[in-house]
file work-v4.cif (mmCIF, C-alpha atoms)
data_protein
loop_
_atom_site.label_atom_id
_atom_site.label_comp_id
_atom_site.auth_asym_id
_atom_site.auth_seq_id
_atom_site.Cartn_x
_atom_site.Cartn_y
_atom_site.Cartn_z
CA MET D 1 85.98 104.25 90.87
CA VAL D 2 87.04 105.44 94.33
CA GLY D 3 84.42 103.18 95.93
CA ARG D 4 85.70 100.19 93.96
CA GLY D 5 89.27 101.01 95.04
CA LEU D 6 88.22 101.24 98.66
CA GLY D 7 86.36 97.96 98.32
CA LEU D 8 89.45 96.26 96.92
CA LEU D 9 91.56 97.75 99.69
CA ALA D 10 89.12 96.49 102.32
CA SER D 11 89.10 93.01 100.74
CA ALA D 12 92.88 92.95 100.66
CA ALA D 13 93.00 93.99 104.32
CA ILE D 14 90.56 91.21 105.27
CA VAL D 15 92.55 88.60 103.34
CA ALA D 16 95.83 89.86 104.83
CA ALA D 17 94.35 89.67 108.32
CA ALA D 18 93.10 86.17 107.61
CA ILE D 19 96.54 85.10 106.39
CA ALA D 20 98.21 86.67 109.42
CA ALA D 21 95.72 85.03 111.74
CA CYS D 22 96.22 81.61 110.24
CA LYS D 23 100.03 81.53 110.29
CA PRO D 24 100.61 77.85 110.89
CA ASP D 25 102.07 76.96 114.24
CA ASP D 26 104.89 74.48 114.68
CA ASP D 27 102.51 71.55 114.60
CA THR D 28 100.93 72.02 111.22
CA GLY D 29 101.25 69.96 108.09
CA TYR D 30 99.08 69.15 105.09
CA VAL D 31 97.12 66.25 103.66
CA GLU D 32 96.39 66.18 99.97
CA ILE D 33 93.51 63.89 99.11
CA LYS D 34 93.05 63.01 95.48
CA THR D 35 90.05 61.07 94.33
CA VAL D 36 89.86 58.93 91.20
CA PRO D 37 88.01 59.02 88.96
CA VAL D 38 87.96 62.80 89.03
CA ALA D 39 84.48 64.24 89.40
CA ALA D 40 83.13 67.73 89.87
CA VAL D 41 82.17 66.70 93.38
CA THR D 42 83.02 63.37 95.00
CA LEU D 43 79.91 61.94 96.60
CA THR D 44 81.69 59.40 98.79
CA ALA D 45 81.83 60.75 102.32
CA LEU D 46 85.37 60.69 103.71
CA TYR D 47 86.55 61.23 107.28
CA LEU D 48 89.86 62.14 108.84
CA ASP D 49 89.63 60.42 112.21
CA SER D 50 86.05 61.27 113.11
CA GLN D 51 85.87 64.59 111.24
CA LYS D 52 83.72 64.44 108.15
CA LEU D 53 85.31 66.17 105.17
CA ALA D 54 83.54 68.55 102.85
CA PRO D 55 82.82 66.96 99.47
CA ILE D 56 86.01 66.94 97.41
CA LYS D 57 85.75 69.14 94.34
CA LYS D 58 87.46 68.41 91.05
CA GLY D 59 89.21 65.40 92.53
CA SER D 60 91.55 67.19 94.91
CA ALA D 61 91.62 68.79 98.33
CA ILE D 62 94.47 70.10 100.44
CA LEU D 63 93.74 70.17 104.13
CA ARG D 64 95.70 71.75 106.93
CA GLN D 65 96.08 69.32 109.81
CA ARG D 66 97.94 69.02 113.05
CA VAL D 67 101.11 66.97 113.00
CA GLY D 68 100.50 63.33 113.88
CA THR D 69 98.85 60.22 112.53
CA LEU D 70 95.32 60.39 111.16
CA LYS D 71 92.97 57.67 110.10
CA LEU D 72 91.26 58.10 106.73
CA GLN D 73 87.85 56.52 106.79
CA ALA D 74 84.78 56.22 104.60
CA ASP D 75 81.18 55.31 105.15
CA GLY D 76 81.03 51.52 105.41
CA ALA D 77 78.31 49.38 106.86
CA PRO D 78 75.33 51.46 107.99
CA GLY D 79 76.33 53.45 111.04
CA ALA D 80 79.96 52.36 110.86
CA LEU D 81 83.09 53.78 109.33
CA ALA D 82 85.50 51.73 107.26
CA ALA D 83 89.17 52.48 107.84
CA LEU D 84 90.97 53.05 104.55
CA CYS D 85 94.51 53.89 105.63
CA THR D 86 96.55 55.95 108.06
CA ILE D 87 98.24 59.20 107.10
CA VAL D 88 101.33 60.56 108.77
CA VAL D 89 101.31 64.38 108.87
CA LYS D 90 104.68 66.06 109.27
CA ARG D 91 105.44 69.70 109.97
CA ASN D 92 105.26 71.92 106.87
CA ARG D 93 104.98 68.90 104.60
CA ILE D 94 102.30 67.49 102.37
CA THR D 95 101.28 63.86 102.55
CA THR D 96 99.47 62.84 99.40
CA VAL D 97 96.97 60.04 99.28
CA THR D 98 94.87 58.97 96.31
CA VAL D 99 91.51 57.38 97.05
CA SER D 100 89.93 55.17 94.45
CA VAL D 101 86.25 55.77 95.06
CA LEU D 102 85.08 53.15 92.55
CA ASP D 103 86.16 50.37 94.91
CA ARG D 104 83.86 49.30 97.70
CA PRO D 105 84.99 50.26 100.23
CA PRO D 106 87.19 52.93 98.64
CA ARG D 107 90.88 52.10 98.48
CA CYS D 108 93.91 54.20 99.43
CA GLN D 109 97.01 54.53 97.26
CA CYS D 110 99.90 56.24 98.96
CA ARG D 111 102.30 58.40 97.02
CA PHE D 112 104.99 57.46 99.53
CA SER D 113 104.66 54.70 102.09
CA GLY D 114 106.42 54.43 105.39
CA THR D 115 109.47 52.19 105.57
CA GLU D 116 109.71 51.90 109.33
CA PRO D 117 107.63 49.15 110.99
CA ALA D 118 105.49 51.73 112.80
CA THR D 119 104.52 53.41 109.54
CA ALA D 120 104.78 50.51 107.14
CA LYS D 121 101.12 50.66 106.21
CA ALA D 122 100.82 54.41 106.38
CA CYS D 123 101.01 57.16 103.80
CA VAL D 124 103.93 59.47 104.58
CA SER D 125 105.36 62.61 103.05
CA MET B 1 185.09 170.96 112.20
CA ILE B 2 182.35 173.19 110.95
CA ALA B 3 182.52 171.88 107.41
CA PRO B 4 182.04 168.29 108.31
CA SER B 5 179.33 169.32 110.54
CA TYR B 6 177.72 171.24 107.67
CA LYS B 7 178.25 168.28 105.33
CA SER B 8 176.74 166.10 107.82
CA ALA B 9 173.85 168.42 108.25
CA SER B 10 173.46 168.72 104.51
CA ASN B 11 173.54 164.85 104.21
CA SER B 12 171.11 164.59 106.96
CA THR B 13 168.82 167.00 105.16
CA ALA B 14 169.17 164.99 101.93
CA VAL B 15 168.42 161.70 103.72
CA ALA B 16 165.52 163.32 105.41
CA GLY B 17 164.29 164.42 101.97
CA ILE B 18 164.18 160.94 100.37
CA ARG B 19 163.27 158.96 103.47
CA PRO B 20 159.51 158.50 102.94
CA ALA B 21 159.81 157.16 99.39
CA THR B 22 162.68 154.87 100.30
CA VAL B 23 160.92 153.54 103.32
CA VAL B 24 157.77 152.80 101.32
CA LEU B 25 159.77 151.13 98.57
CA PHE B 26 161.78 149.16 101.06
CA ALA B 27 158.65 148.05 102.88
CA LEU B 28 157.07 147.09 99.58
CA LEU B 29 160.13 145.07 98.61
CA LEU B 30 160.14 143.38 101.98
CA ALA B 31 156.51 142.56 101.73
CA LEU B 32 156.90 141.23 98.19
CA SER B 33 159.93 139.16 99.03
CA GLY B 34 158.15 137.73 102.11
CA GLY B 35 155.09 136.85 100.01
CA LEU B 36 157.22 135.20 97.36
CA ALA B 37 159.10 133.25 99.98
CA ARG B 38 155.83 132.02 101.47
CA ALA B 39 154.52 131.10 98.03
CA GLU B 40 157.68 129.12 97.36
CA GLU B 41 157.27 127.33 100.68
CA GLY B 42 153.66 126.30 99.73
CA SER B 43 154.46 124.85 96.32
CA ALA B 44 157.72 123.26 97.29
CA PRO B 45 157.70 119.43 97.46
CA SER B 46 157.57 118.13 101.01
CA SER B 47 160.76 116.84 102.43
CA PRO B 48 161.50 113.08 102.42
CA VAL B 49 160.85 112.99 106.17
CA GLU B 50 157.42 114.55 105.77
CA GLU B 51 156.55 112.28 102.87
CA PHE B 52 157.69 109.22 104.82
CA SER B 53 155.63 110.31 107.85
CA ARG B 54 152.56 110.81 105.69
CA GLN B 55 152.84 107.38 104.05
CA LEU B 56 153.64 105.68 107.35
CA GLU B 57 150.57 107.26 108.89
CA ALA B 58 148.39 106.14 105.97
CA PHE B 59 149.76 102.62 106.22
CA GLN B 60 149.31 102.44 109.98
CA LYS B 61 145.73 103.62 109.56
CA SER B 62 145.01 100.92 107.00
CA VAL B 63 146.42 98.06 109.09
CA PRO B 64 143.58 97.87 111.64
CA ASP B 65 141.07 97.98 108.75
CA LEU B 66 142.85 95.10 107.10
CA ASN B 67 142.88 93.09 110.33
CA LYS B 68 139.17 93.69 110.76
CA SER B 69 138.57 92.78 107.15
CA ILE B 70 140.44 89.48 107.62
CA GLN B 71 138.50 88.67 110.78
CA ASP B 72 135.16 89.52 109.16
CA SER B 73 136.00 87.46 106.09
CA ALA B 74 136.98 84.48 108.21
CA GLY B 75 133.63 84.75 110.03
CA THR B 76 131.71 85.04 106.78
CA ILE B 77 133.47 82.06 105.22
CA ASP B 78 132.78 80.04 108.35
CA SER B 79 129.09 80.82 108.06
CA VAL B 80 128.84 80.20 104.31
CA THR B 81 130.49 76.81 104.57
CA ASP B 82 128.14 75.77 107.35
CA VAL B 83 125.98 72.92 105.96
CA GLU B 84 123.52 73.34 108.80
CA LYS B 85 122.86 76.87 107.60
CA ALA B 86 121.79 75.53 104.21
CA ARG B 87 119.36 73.24 105.99
CA THR B 88 118.01 76.18 107.97
CA GLU B 89 117.45 78.13 104.76
CA ILE B 90 115.36 75.30 103.31
CA ASP B 91 113.36 75.17 106.54
CA LYS B 92 112.71 78.90 106.35
CA LEU B 93 111.61 78.59 102.75
CA ARG B 94 109.32 75.73 103.69
CA ASP B 95 107.89 77.79 106.57
CA THR B 96 107.06 80.61 104.18
CA VAL B 97 105.41 78.43 101.56
CA SER B 98 103.60 76.49 104.25
CA ALA B 99 102.16 79.69 105.73
CA LEU B 100 100.83 80.69 102.31
CA LEU B 101 99.44 77.23 101.65
CA GLY B 102 97.82 77.27 105.08
CA ALA B 103 95.83 80.33 104.10
CA VAL B 104 94.56 78.95 100.81
CA SER B 105 94.18 75.27 101.79
CA ASP B 106 90.64 73.92 101.44
CA ASN B 107 90.02 74.29 105.15
CA GLY B 108 92.05 77.51 105.42
CA PRO B 109 90.53 80.90 106.22
CA VAL B 110 90.80 82.45 102.76
CA SER B 111 89.13 79.46 101.12
CA GLN B 112 86.43 79.61 103.76
CA LEU B 113 85.90 83.29 102.94
CA GLY B 114 85.46 82.37 99.28
CA VAL B 115 83.01 79.60 100.14
CA LYS B 116 81.03 81.96 102.37
CA ALA B 117 80.95 84.65 99.70
CA LEU B 118 79.68 82.16 97.11
CA ASP B 119 77.11 80.74 99.51
CA HIS B 120 75.86 84.27 100.17
CA VAL B 121 75.52 85.00 96.43
CA HIS B 122 73.69 81.72 95.85
CA ALA B 123 71.32 82.40 98.75
CA LYS B 124 70.65 85.89 97.45
CA LEU B 125 69.92 84.64 93.93
CA LYS B 126 67.55 82.02 95.28
CA ALA B 127 65.77 84.55 97.49
CA LEU B 128 65.44 87.11 94.69
CA SER B 129 64.03 84.58 92.26
CA GLN B 130 61.18 84.03 94.72
CA GLU B 131 60.86 87.70 95.67
CA THR B 132 57.46 89.31 95.09
CA ARG B 133 58.13 92.83 96.41
CA PHE B 134 59.62 94.10 93.14
CA LYS B 135 58.29 94.69 89.68
CA PRO B 136 59.49 92.06 87.16
CA GLU B 137 61.96 94.48 85.53
CA GLU B 138 63.35 95.52 88.93
CA ARG B 139 63.77 91.90 89.95
CA GLN B 140 65.42 91.14 86.62
CA PHE B 141 67.86 94.01 87.16
CA LEU B 142 68.74 92.84 90.68
CA LEU B 143 69.17 89.24 89.50
CA GLU B 144 71.52 90.38 86.75
CA GLN B 145 73.61 92.31 89.24
CA TRP B 146 73.85 89.30 91.54
CA ARG B 147 74.70 87.02 88.62
CA LYS B 148 77.56 89.34 87.72
CA LEU B 149 78.74 89.14 91.32
CA GLN B 150 78.47 85.37 91.16
CA GLU B 151 80.70 85.29 88.08
CA GLN B 152 83.26 87.55 89.71
CA THR B 153 83.25 85.54 92.95
CA GLU B 154 83.65 82.28 91.04
CA SER B 155 86.51 83.79 89.10
CA ALA B 156 88.19 84.88 92.34
CA THR B 157 87.66 81.41 93.79
CA LYS B 158 89.21 79.89 90.68
CA GLU B 159 92.29 82.07 91.24
CA LEU B 160 92.38 80.79 94.79
CA ASP B 161 92.33 77.22 93.47
CA ASP B 162 95.24 78.04 91.20
CA ALA B 163 97.19 79.59 94.09
CA ARG B 164 96.49 76.54 96.24
CA ALA B 165 97.74 74.19 93.53
CA GLN B 166 100.81 76.35 93.01
CA PHE B 167 101.80 76.55 96.69
CA ALA B 168 101.13 72.85 97.17
CA SER B 169 103.29 72.03 94.17
CA LEU B 170 106.03 74.29 95.51
CA LEU B 171 105.96 72.65 98.93
CA GLN B 172 106.02 69.20 97.33
CA THR B 173 108.96 70.21 95.15
CA LEU B 174 110.75 71.43 98.27
CA GLN B 175 110.21 68.19 100.13
CA GLN B 176 110.93 65.88 97.18
CA ASN B 177 114.09 67.67 96.12
CA GLU B 178 115.31 68.62 99.57
CA ASP B 179 118.79 67.18 99.09
CA PHE B 180 119.23 68.72 95.65
CA ILE B 181 117.99 72.14 96.81
CA GLY B 182 120.34 71.86 99.79
CA GLU B 183 123.21 71.30 97.38
CA LEU B 184 122.13 74.34 95.32
CA ILE B 185 122.08 76.48 98.45
CA GLU B 186 125.55 75.23 99.34
CA ILE B 187 126.80 76.16 95.85
CA ARG B 188 125.34 79.66 96.32
CA GLN B 189 127.10 79.88 99.68
CA ALA B 190 130.39 78.75 98.14
CA GLU B 191 130.01 81.48 95.52
CA LYS B 192 129.58 83.98 98.33
CA ALA B 193 132.78 82.65 99.92
CA ILE B 194 134.65 83.29 96.66
CA GLU B 195 133.37 86.89 96.63
CA VAL B 196 134.59 87.33 100.21
CA ILE B 197 138.02 85.91 99.34
CA ARG B 198 138.27 88.17 96.27
CA SER B 199 137.39 91.22 98.33
CA LEU B 200 139.95 90.26 100.96
CA THR B 201 142.60 89.76 98.28
CA ARG B 202 141.89 93.28 96.98
CA ASP B 203 142.32 94.71 100.48
CA ILE B 204 145.58 92.85 100.99
CA ARG B 205 146.87 94.00 97.59
CA ASP B 206 146.05 97.62 98.48
CA ALA B 207 147.91 97.28 101.77
CA SER B 208 150.83 95.71 99.99
CA ASN B 209 150.96 98.60 97.50
CA GLN B 210 150.97 101.06 100.37
CA LEU B 211 153.77 99.18 102.05
CA ASN B 212 155.77 99.14 98.80
CA LYS B 213 155.32 102.89 98.44
CA LEU B 214 156.44 103.37 102.02
CA ILE B 215 159.54 101.26 101.54
CA GLY B 216 160.25 102.77 98.11
CA GLY B 217 160.02 106.24 99.59
CA ILE B 218 162.90 105.59 101.93
CA LYS B 219 165.90 107.16 100.23
CA PRO B 220 169.05 107.34 102.36
CA PRO B 221 171.05 110.52 101.82
CA GLY B 222 173.38 110.25 98.83
CA ALA B 223 171.48 107.29 97.40
#
call {"tool": "encode", "arguments": {"input": "work-v4.cif", "output": "structure tokens"}}
result
Amino acid sequence: MVGRGLGLLASAAIVAAAIAACKPDDDTGYVEIKTVPVAAVTLTALYLDSQKLAPIKKGSAILRQRVGTLKLQADGAPGALAALCTIVVKRNRITTVTVSVLDRPPRCQCRFSGTEPATAKACVS
Amino acid sequence: MIAPSYKSASNSTAVAGIRPATVVLFALLLALSGGLARAEEGSAPSSPVEEFSRQLEAFQKSVPDLNKSIQDSAGTIDSVTDVEKARTEIDKLRDTVSALLGAVSDNGPVSQLGVKALDHVHAKLKALSQETRFKPEERQFLLEQWRKLQEQTESATKELDDARAQFASLLQTLQQNEDFIGELIEIRQAEKAIEVIRSLTRDIRDASNQLNKLIGGIKPPGA
């Protein structure tokens, strides 16, 4: 019982340290990627800029990203990436994008789209 | 001449005879009358001058407090009617939720811990199923223990998923209803302002009562 308590305490300390260590800086926002149709694991490989994302589980992933504009891409022609859309990440905000993976190449649907010319074709928060 | 002198002597003898008792009685009476006089002084109502001085002093003491109270209240009302402050409160709230979401986001450290823990359990289960060092019943026992751990880790990861969804939803609510939440914060601030005004009114009423007492206590002679 005491051992279990100590174990829980240690786990809590590790999690607390992890939370403290990851306190977002001023340049952090979030991207929520939803995939349709929902699957246990989405097999389509997706990229934010050139960074390959881990397979999306249960049709949703929330990723911490630096503030700025990112390019969402998917595997296209062999050896090449197909640009799907751009995502504007704002500080402490979530930009949601839904990717229809049935389409070839996959297609982006923005929850909110930019209204200014610079972001007209981008997903914004 | 002799007689008077005798009389006088006889008187003197008589006086000398009763002196101790008289002196004690007289002293006792003096002491008693002094004590009574002092007791009367203590219970006697203070004079109008003393009463006026006391009330004036109390009022003068309360005036600086009232001034300070007015100044503080003015400052508080200034701050609670500041729209920018409402905006700052939303930003703070968003910072807090964002920090929590950052920890549990899919690429955040807590999620990574969960993934690592699950990977470790899976690796252990795979290794044990191919293990040949143990007797079958020992291996079965160890596998069962690791399967239990797997269940518990998956359950913990599921809770993490729920927390992630919750924080994300909260942050989205904050950003989608920013204007409405701002208005709610302003309403809360306005309510605070009312509390401040009420408190100030109470202070002013108290001071006014004191002033009334002070003025009412002034009774010119013969009035």
call {"tool": "interface_residues", "arguments": {"input": "work-v4.cif", "of": "chain B", "to": "chain D", "cutoff": "6 Å", "atoms": "only C-alpha atoms", "output": "short mmCIF file (atom, residue, chain, number, x, y, z; two decimals) with C-alpha atoms, in the coordinates of the input"}}
result
data_model
loop_
_atom_site.label_atom_id
_atom_site.label_comp_id
_atom_site.auth_asym_id
_atom_site.auth_seq_id
_atom_site.Cartn_x
_atom_site.Cartn_y
_atom_site.Cartn_z
CA SER B 98 103.60 76.49 104.25
CA ALA B 99 102.16 79.69 105.73
CA ALA B 103 95.83 80.33 104.10
CA SER B 105 94.18 75.27 101.79
CA ASP B 106 90.64 73.92 101.44
CA ASN B 107 90.02 74.29 105.15
#
call {"tool": "residues_around", "arguments": {"input": "work-v4.cif", "residues": "B:Asp91", "least_positions_apart": "3", "cutoff": "12 Å", "atoms": "all atoms listed in the file", "output": "list in words"}}
result
Asp26, Arg91, Asn92 and Arg93 of chain D; Glu84, Lys85, Ala86, Arg87, Thr88, Arg94, Asp95, Thr96, Val97, Ser98, Leu171, Leu174, Gln175, Glu178, Ile181, Gly182 and Ile185 of chain B
call {"tool": "write_last_selection", "arguments": {"input": "work-v4.cif", "atoms": "C-alpha atoms", "output": "PDB file, in the frame of the given file"}}
result
ATOM      1  CA  ASP D  26     104.890  74.480 114.680  1.00  0.00           C
ATOM      2  CA  ARG D  91     105.440  69.700 109.970  1.00  0.00           C
ATOM      3  CA  ASN D  92     105.260  71.920 106.870  1.00  0.00           C
ATOM      4  CA  ARG D  93     104.980  68.900 104.600  1.00  0.00           C
TER       5      ARG D  93
ATOM      6  CA  GLU B  84     123.520  73.340 108.800  1.00  0.00           C
ATOM      7  CA  LYS B  85     122.860  76.870 107.600  1.00  0.00           C
ATOM      8  CA  ALA B  86     121.790  75.530 104.210  1.00  0.00           C
ATOM      9  CA  ARG B  87     119.360  73.240 105.990  1.00  0.00           C
ATOM     10  CA  THR B  88     118.010  76.180 107.970  1.00  0.00           C
ATOM     11  CA  ARG B  94     109.320  75.730 103.690  1.00  0.00           C
ATOM     12  CA  ASP B  95     107.890  77.790 106.570  1.00  0.00           C
ATOM     13  CA  THR B  96     107.060  80.610 104.180  1.00  0.00           C
ATOM     14  CA  VAL B  97     105.410  78.430 101.560  1.00  0.00           C
ATOM     15  CA  SER B  98     103.600  76.490 104.250  1.00  0.00           C
ATOM     16  CA  LEU B 171     105.960  72.650  98.930  1.00  0.00           C
ATOM     17  CA  LEU B 174     110.750  71.430  98.270  1.00  0.00           C
ATOM     18  CA  GLN B 175     110.210  68.190 100.130  1.00  0.00           C
ATOM     19  CA  GLU B 178     115.310  68.620  99.570  1.00  0.00           C
ATOM     20  CA  ILE B 181     117.990  72.140  96.810  1.00  0.00           C
ATOM     21  CA  GLY B 182     120.340  71.860  99.790  1.00  0.00           C
ATOM     22  CA  ILE B 185     122.080  76.480  98.450  1.00  0.00           C
TER      23      ILE B 185
END
call {"tool": "resolve_selection", "arguments": {"input": "work-v4.cif", "expression": "the PyMOL selection byres ((chain B and resi 190) around 12)", "output": "PDB file with C-alpha atoms, in the coordinates of the input"}}
result
ATOM      1  CA  THR B  76     131.710  85.040 106.780  1.00  0.00           C
ATOM      2  CA  ILE B  77     133.470  82.060 105.220  1.00  0.00           C
ATOM      3  CA  ASP B  78     132.780  80.040 108.350  1.00  0.00           C
ATOM      4  CA  SER B  79     129.090  80.820 108.060  1.00  0.00           C
ATOM      5  CA  VAL B  80     128.840  80.200 104.310  1.00  0.00           C
ATOM      6  CA  THR B  81     130.490  76.810 104.570  1.00  0.00           C
ATOM      7  CA  ASP B  82     128.140  75.770 107.350  1.00  0.00           C
ATOM      8  CA  VAL B  83     125.980  72.920 105.960  1.00  0.00           C
ATOM      9  CA  ALA B  86     121.790  75.530 104.210  1.00  0.00           C
ATOM     10  CA  GLU B 183     123.210  71.300  97.380  1.00  0.00           C
ATOM     11  CA  LEU B 184     122.130  74.340  95.320  1.00  0.00           C
ATOM     12  CA  ILE B 185     122.080  76.480  98.450  1.00  0.00           C
ATOM     13  CA  GLU B 186     125.550  75.230  99.340  1.00  0.00           C
ATOM     14  CA  ILE B 187     126.800  76.160  95.850  1.00  0.00           C
ATOM     15  CA  ARG B 188     125.340  79.660  96.320  1.00  0.00           C
ATOM     16  CA  GLN B 189     127.100  79.880  99.680  1.00  0.00           C
ATOM     17  CA  GLU B 191     130.010  81.480  95.520  1.00  0.00           C
ATOM     18  CA  LYS B 192     129.580  83.980  98.330  1.00  0.00           C
ATOM     19  CA  ALA B 193     132.780  82.650  99.920  1.00  0.00           C
ATOM     20  CA  ILE B 194     134.650  83.290  96.660  1.00  0.00           C
ATOM     21  CA  GLU B 195     133.370  86.890  96.630  1.00  0.00           C
ATOM     22  CA  VAL B 196     134.590  87.330 100.210  1.00  0.00           C
ATOM     23  CA  ILE B 197     138.020  85.910  99.340  1.00  0.00           C
TER      24      ILE B 197
END
call {"tool": "atom_distance", "arguments": {"input": "work-v4.cif", "atom1": "atom CA of B:Gln210", "atom2": "atom CA of B:Phe59"}}
result
6.2 Å
call {"tool": "axis_aligned_box", "arguments": {"input": "work-v4.cif", "around": "stretch 75-87 of chain B", "padding_each_side": "4 Å", "output": "lines of an AutoDock Vina configuration file"}}
result
center_x = 126.5
center_y = 79.0
center_z = 107.1
size_x = 22.3
size_y = 20.1
size_z = 13.8
call {"tool": "resolve_selection", "arguments": {"input": "work-v4.cif", "expression": "the PyMOL selection byres ((chain B and resi 214) around 9)", "output": "list of chain:residue names"}}
result
B:Glu51, B:Phe52, B:Gln55, B:Leu56, B:Phe59, B:Asn209, B:Gln210, B:Leu211, B:Asn212, B:Lys213, B:Ile215, B:Gly216, B:Gly217, B:Ile218
call {"tool": "closest_residue", "arguments": {"input": "work-v4.cif", "among": "B:Arg205, B:His122, B:Lys68, B:Arg198", "to": "B:Leu149", "atoms": "only C-alpha atoms"}}
result
B:His122
call {"tool": "atom_distance", "arguments": {"input": "work-v4.cif", "atom1": "atom CA of B:Val49", "atom2": "atom CA of B:Asn67"}}
result
27.1 Å
call {"tool": "atom_distance", "arguments": {"input": "work-v4.cif", "atom1": "atom CA of B:Ser62", "atom2": "atom CA of B:Leu200"}}
result
13.3 Å
call {"tool": "residues_around", "arguments": {"input": "work-v4.cif", "residues": "D:Ala74", "least_positions_apart": "2", "cutoff": "6 Å", "atoms": "only C-alpha atoms", "output": "PyMOL selection string"}}
result
chain D and resi 45-47+81-82
call {"tool": "resolve_selection", "arguments": {"input": "work-v4.cif", "expression": "the PyMOL selection byres ((chain D and resi 48) around 7)", "output": "mmCIF file with C-alpha atoms, keeping the file's coordinate frame"}}
result
data_model
loop_
_atom_site.group_PDB
_atom_site.id
_atom_site.type_symbol
_atom_site.label_atom_id
_atom_site.label_comp_id
_atom_site.auth_asym_id
_atom_site.auth_seq_id
_atom_site.Cartn_x
_atom_site.Cartn_y
_atom_site.Cartn_z
ATOM 1 C CA LEU D 46 85.370 60.690 103.710
ATOM 2 C CA TYR D 47 86.550 61.230 107.280
ATOM 3 C CA ASP D 49 89.630 60.420 112.210
ATOM 4 C CA SER D 50 86.050 61.270 113.110
ATOM 5 C CA GLN D 51 85.870 64.590 111.240
ATOM 6 C CA LYS D 52 83.720 64.440 108.150
ATOM 7 C CA LEU D 70 95.320 60.390 111.160
ATOM 8 C CA LYS D 71 92.970 57.670 110.100
ATOM 9 C CA LEU D 72 91.260 58.100 106.730
ATOM 10 C CA GLN D 73 87.850 56.520 106.790
#
call {"tool": "closest_residue", "arguments": {"input": "work-v4.cif", "among": "B:Glu138, B:Asp65, B:Asp161, B:Glu57", "to": "B:Gly114", "atoms": "all atoms listed in the file"}}
result
B:Asp161
call {"tool": "closest_residue", "arguments": {"input": "work-v4.cif", "among": "B:Ala168, B:Ala207, B:Val63, B:Ala156", "to": "B:Ser111", "atoms": "only C-alpha atoms"}}
result
B:Ala156
call {"tool": "residues_around", "arguments": {"input": "work-v4.cif", "residues": "B:Leu160", "least_positions_apart": "5", "cutoff": "12 Å", "atoms": "all atoms listed in the file", "output": "ChimeraX atom specification"}}
result
/D:15 /B:100-101,103-106,108-115,153-155,165-167
call {"tool": "closest_residue", "arguments": {"input": "work-v4.cif", "among": "B:Thr157, B:Ala74, B:Ala58, B:Lys126", "to": "B:Leu142", "atoms": "all atoms listed in the file"}}
result
B:Lys126
